[in-house]
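Chemist: Below you will find the structure I want to go over with you.
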Amino acid sequence: MNEDATRSLLVDLAASLFARGFSVGSAGNISVRLPDGYLITPTNSSLGRLESERLAKLDAEFRHIGGDQPSKEVFMHRAFYTARPEAGAVVHLHSTMATAIACLANVDADNPIPPLTPYFVMRVGRTMPVVSYYRPGDPAMEPAITAAARDARAVLLANHGPVVSGKTLTDAVYAAEELEEAAKLALLLRGADPRLLTPAQVDTLLATFS
């Protein structure tokens with residue numbers, strides 16, 4: 001896919017996320033890896049009203065070289081690309097259910113959403129840790145995200161929201177959508193006794209679909 005097609009796909013997927021309430025106002029940001037750098041949504045932009053030609057372009061060292069000013073959370077995306085060389089895109093949302101999980105004090109910080117469905121495991125993976133709270137836009141969170149992302153395709157930022165990576169832009173968006181549905185299930189089943197996928201079942205899913 002060439003750069004123009006990638007720009008158009010990013011705009012279309014972002015608009016779809018916005019229309020379905022995965023982000024509101026200017027919340028959230030999306031990036032995608034290019035052969036010569038990265039595209040990322042501009043600072044203070046709405047995912048529902050992006051313009052392909054105004055997407056910020058960064059070089060391979062994450063320096064701004066074109067388009068509008070990039071999101072102030074570039075460092076969050078850089079953390080994932082650094083930790084996961086296979087990552088082709090990163091999606092950060094403030095989706096309601098995932099953010100609700102990120103606000104709970106009494107969840108497993110290593111696995112706040114248990115393996116309830118095969119789709120969550122296939123899209124998000126075995127683990128999805130909670131990264132400790134940092135002020136939004138604080139670059140001090142980059143090392144914490146990098147460390148967490150080495151063993152996880154996605155993380156929850158405490159009291160903030162999810163950050164999800166994927167091999168492609170479409171993969172990353174699908175994973176973010178599946179994460180939100182898994183968070184909804186986890187909240188619906190909170191206090192119940194759900195039947196979880198076994199470690200062997202998780203292993204089989206990851207061996208088959210990773």
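Letters A, B, ... mark the chains of the structure tokens in the order given; residue numbers begin at 1 per chain; ligand numbers begin at 1, in order shown.
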Dump as CSV the rows for residues of segment 101-134 of chain A within 7 Å of segment 166-187 of chain A: closest atom pair and distance in Å with one decimal, only C-alpha atoms counted, ordered by chain and rising residue number.
Modeler:
```
residue,atom,partner,partner_atom,distance
A:Ile101,CA,A:Ala183,CA,6.7
A:Ile113,CA,A:Ala186,CA,6.3
A:Phe120,CA,A:Glu178,CA,5.9
A:Arg123,CA,A:Ala175,CA,4.9
A:Val124,CA,A:Ala175,CA,5.8
```
Chemist: Restrict the selected residues to N, CA and C atoms and save them as a compact mmCIF listing (two decimals), in the first residue's frame.
Modeler:
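again-v4.txt written:
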```
# COMPACT_ATOMS: atom_id res chain seq x y z
N ILE A 101 -11.99 0.05 33.01
CA ILE A 101 -11.10 -0.95 33.61
C ILE A 101 -9.82 -0.29 34.10
N ILE A 113 -7.88 -7.72 32.26
CA ILE A 113 -8.99 -8.36 31.56
C ILE A 113 -8.62 -9.83 31.36
N PHE A 120 -10.42 -12.01 21.93
CA PHE A 120 -9.56 -11.13 22.70
C PHE A 120 -8.12 -11.64 22.69
N ARG A 123 -6.54 -11.23 19.15
CA ARG A 123 -6.26 -9.85 18.74
C ARG A 123 -5.29 -9.14 19.67
N VAL A 124 -5.43 -9.37 20.97
CA VAL A 124 -4.67 -8.60 21.96
C VAL A 124 -3.51 -9.39 22.55
```
Chemist: Got a sec: who's within 12 Å of segment 44-60 of chain A, counting only C-alpha atoms, leaving out chain neighbours fewer than 5 positions off, as a VMD selection string?
Modeler: chain A and resid 3 to 39 65 to 74 77 to 78 81 to 82 91 to 94 137
Chemist: Please indicate the distance in Å from atom CA of Thr208 of chain A to atom CA of Ala89 of chain A, rounded to one decimal place.
Modeler: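 Distance reported for this atom pair: 21.8 Å.
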Chemist: DSSP on the backbone, alpha helix (DSSP H) only: what residues of segment 64-201 of chain A does that give? Format it as a tab-separated table (two decimals) with N, CA and C atoms, in the first residue's frame.
Modeler:
```tsv
chain	number	residue	atom	x	y	z
A	74	VAL	N	3.39	11.61	20.80
A	74	VAL	CA	4.26	10.86	19.89
A	74	VAL	C	5.08	9.84	20.67
A	75	PHE	N	5.56	10.21	21.83
A	75	PHE	CA	6.42	9.34	22.63
A	75	PHE	C	5.73	8.01	22.96
A	76	MET	N	4.40	8.05	23.13
A	76	MET	CA	3.63	6.84	23.43
A	76	MET	C	3.72	5.86	22.26
A	77	HIS	N	3.64	6.37	21.05
A	77	HIS	CA	3.75	5.55	19.86
A	77	HIS	C	5.20	5.07	19.67
A	78	ARG	N	6.14	5.98	19.88
A	78	ARG	CA	7.55	5.60	19.76
A	78	ARG	C	7.89	4.46	20.70
A	79	ALA	N	7.32	4.46	21.89
A	79	ALA	CA	7.57	3.40	22.87
A	79	ALA	C	7.20	2.04	22.29
A	80	PHE	N	6.04	1.97	21.63
A	80	PHE	CA	5.61	0.69	21.06
A	80	PHE	C	6.47	0.29	19.87
A	81	TYR	N	6.79	1.22	18.99
A	81	TYR	CA	7.62	0.88	17.85
A	81	TYR	C	9.02	0.44	18.28
A	82	THR	N	9.51	1.03	19.36
A	82	THR	CA	10.82	0.65	19.88
A	82	THR	C	10.78	-0.75	20.50
A	83	ALA	N	9.73	-1.01	21.27
A	83	ALA	CA	9.63	-2.28	21.99
A	83	ALA	C	9.22	-3.43	21.09
A	96	THR	N	-14.72	3.90	26.33
A	96	THR	CA	-15.34	3.95	27.65
A	96	THR	C	-15.06	2.74	28.52
A	97	MET	N	-15.30	1.54	28.01
A	97	MET	CA	-15.18	0.36	28.85
A	97	MET	C	-13.73	0.04	29.20
A	98	ALA	N	-12.84	0.17	28.23
A	98	ALA	CA	-11.42	-0.08	28.51
A	98	ALA	C	-10.89	0.95	29.51
A	99	THR	N	-11.32	2.21	29.35
A	99	THR	CA	-10.89	3.24	30.29
A	99	THR	C	-11.47	2.98	31.68
A	100	ALA	N	-12.71	2.46	31.74
A	100	ALA	CA	-13.29	2.11	33.04
A	100	ALA	C	-12.43	1.07	33.75
A	101	ILE	N	-11.99	0.05	33.01
A	101	ILE	CA	-11.10	-0.95	33.61
A	101	ILE	C	-9.82	-0.29	34.10
A	102	ALA	N	-9.31	0.67	33.33
A	102	ALA	CA	-8.07	1.36	33.69
A	102	ALA	C	-8.23	2.23	34.93
A	118	PRO	N	-11.89	-16.21	22.78
A	118	PRO	CA	-10.73	-16.44	21.91
A	118	PRO	C	-10.36	-15.21	21.08
A	119	TYR	N	-11.35	-14.36	20.79
A	119	TYR	CA	-11.10	-13.20	19.93
A	119	TYR	C	-10.22	-12.18	20.63
A	120	PHE	N	-10.42	-12.01	21.93
A	120	PHE	CA	-9.56	-11.13	22.70
A	120	PHE	C	-8.12	-11.64	22.69
A	121	VAL	N	-7.96	-12.93	22.93
A	121	VAL	CA	-6.62	-13.52	22.93
A	121	VAL	C	-5.97	-13.39	21.56
A	122	MET	N	-6.72	-13.67	20.50
A	122	MET	CA	-6.15	-13.63	19.15
A	122	MET	C	-5.73	-12.21	18.76
A	123	ARG	N	-6.54	-11.23	19.15
A	123	ARG	CA	-6.26	-9.85	18.74
A	123	ARG	C	-5.29	-9.14	19.67
A	124	VAL	N	-5.43	-9.37	20.97
A	124	VAL	CA	-4.67	-8.60	21.96
A	124	VAL	C	-3.51	-9.39	22.55
A	142	GLU	N	7.13	7.30	28.75
A	142	GLU	CA	7.67	6.51	27.64
A	142	GLU	C	8.44	5.27	28.09
A	143	PRO	N	9.40	5.39	29.05
A	143	PRO	CA	10.12	4.18	29.47
A	143	PRO	C	9.20	3.12	30.07
A	144	ALA	N	8.17	3.56	30.79
A	144	ALA	CA	7.24	2.59	31.38
A	144	ALA	C	6.45	1.86	30.32
A	145	ILE	N	6.02	2.58	29.28
A	145	ILE	CA	5.28	1.93	28.19
A	145	ILE	C	6.20	1.00	27.41
A	146	THR	N	7.42	1.44	27.15
A	146	THR	CA	8.37	0.60	26.42
A	146	THR	C	8.60	-0.71	27.16
A	147	ALA	N	8.81	-0.63	28.47
A	147	ALA	CA	9.06	-1.84	29.25
A	147	ALA	C	7.86	-2.78	29.21
A	148	ALA	N	6.65	-2.22	29.34
A	148	ALA	CA	5.44	-3.05	29.34
A	148	ALA	C	5.18	-3.65	27.96
A	149	ALA	N	5.47	-2.89	26.91
A	149	ALA	CA	5.15	-3.33	25.55
A	149	ALA	C	6.08	-4.42	25.04
A	169	LEU	N	-2.20	-1.36	10.12
A	169	LEU	CA	-3.14	-0.38	10.64
A	169	LEU	C	-4.49	-1.03	10.92
A	170	THR	N	-4.97	-1.84	9.99
A	170	THR	CA	-6.25	-2.51	10.19
A	170	THR	C	-6.19	-3.45	11.38
A	171	ASP	N	-5.09	-4.20	11.53
A	171	ASP	CA	-4.94	-5.09	12.68
A	171	ASP	C	-5.02	-4.32	13.99
A	172	ALA	N	-4.35	-3.19	14.06
A	172	ALA	CA	-4.33	-2.40	15.29
A	172	ALA	C	-5.72	-1.88	15.63
A	173	VAL	N	-6.46	-1.42	14.63
A	173	VAL	CA	-7.82	-0.93	14.88
A	173	VAL	C	-8.73	-2.07	15.31
A	174	TYR	N	-8.64	-3.21	14.64
A	174	TYR	CA	-9.45	-4.37	15.05
A	174	TYR	C	-9.14	-4.78	16.49
A	175	ALA	N	-7.86	-4.75	16.85
A	175	ALA	CA	-7.47	-5.12	18.21
A	175	ALA	C	-8.03	-4.14	19.23
A	176	ALA	N	-8.00	-2.85	18.90
A	176	ALA	CA	-8.56	-1.84	19.81
A	176	ALA	C	-10.06	-2.04	19.98
A	177	GLU	N	-10.74	-2.40	18.89
A	177	GLU	CA	-12.18	-2.66	18.97
A	177	GLU	C	-12.46	-3.90	19.81
A	178	GLU	N	-11.67	-4.95	19.62
A	178	GLU	CA	-11.87	-6.18	20.39
A	178	GLU	C	-11.57	-5.96	21.87
A	179	LEU	N	-10.57	-5.14	22.16
A	179	LEU	CA	-10.25	-4.79	23.54
A	179	LEU	C	-11.43	-4.12	24.22
A	180	GLU	N	-12.10	-3.21	23.53
A	180	GLU	CA	-13.24	-2.53	24.11
A	180	GLU	C	-14.37	-3.52	24.41
A	181	GLU	N	-14.62	-4.45	23.52
A	181	GLU	CA	-15.66	-5.45	23.76
A	181	GLU	C	-15.29	-6.37	24.91
A	182	ALA	N	-14.02	-6.74	25.02
A	182	ALA	CA	-13.57	-7.59	26.12
A	182	ALA	C	-13.71	-6.86	27.46
A	183	ALA	N	-13.41	-5.56	27.45
A	183	ALA	CA	-13.58	-4.76	28.67
A	183	ALA	C	-15.05	-4.72	29.08
A	184	LYS	N	-15.93	-4.59	28.10
A	184	LYS	CA	-17.37	-4.58	28.39
A	184	LYS	C	-17.79	-5.90	29.03
A	185	LEU	N	-17.33	-7.02	28.46
A	185	LEU	CA	-17.65	-8.32	29.03
A	185	LEU	C	-17.11	-8.45	30.45
A	186	ALA	N	-15.88	-8.01	30.66
A	186	ALA	CA	-15.27	-8.11	31.99
A	186	ALA	C	-16.06	-7.33	33.02
A	187	LEU	N	-16.56	-6.17	32.64
A	187	LEU	CA	-17.36	-5.36	33.57
A	187	LEU	C	-18.73	-5.99	33.81
A	188	LEU	N	-19.34	-6.56	32.75
A	188	LEU	CA	-20.63	-7.23	32.91
A	188	LEU	C	-20.53	-8.45	33.83
A	199	PRO	N	-5.04	-22.00	30.26
A	199	PRO	CA	-3.72	-21.68	29.68
A	199	PRO	C	-3.43	-22.48	28.41
A	200	ALA	N	-3.85	-23.76	28.38
A	200	ALA	CA	-3.61	-24.57	27.18
A	200	ALA	C	-4.41	-24.04	26.01
A	201	GLN	N	-5.63	-23.62	26.25
A	201	GLN	CA	-6.45	-23.06	25.18
A	201	GLN	C	-5.85	-21.75	24.66
```
Chemist: Considering only C-alpha atoms, can you say which of A:Arg150, A:Leu116, A:Leu189, A:Leu157 comes closest to Val130 of chain A?
Modeler: A:Leu157
Chemist: Nearest to Val90 of chain A among A:Pro114, A:Arg126, A:Val163, A:Val202, with distances taken over only C-alpha atoms: which residue is it?
Modeler: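 Closest to Val90 of chain A, using only C-alpha atoms: A:Val163.
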Chemist: Please give the complete set of residues from segment 28-154 of chain A that DSSP, run on the backbone, assigns to strand (DSSP E or B), formatted as a VMD selection string.
Modeler: chain A and resid 29 to 34 37 to 40 42 56 to 58 64 to 66 70 89 to 92 130 to 131 154
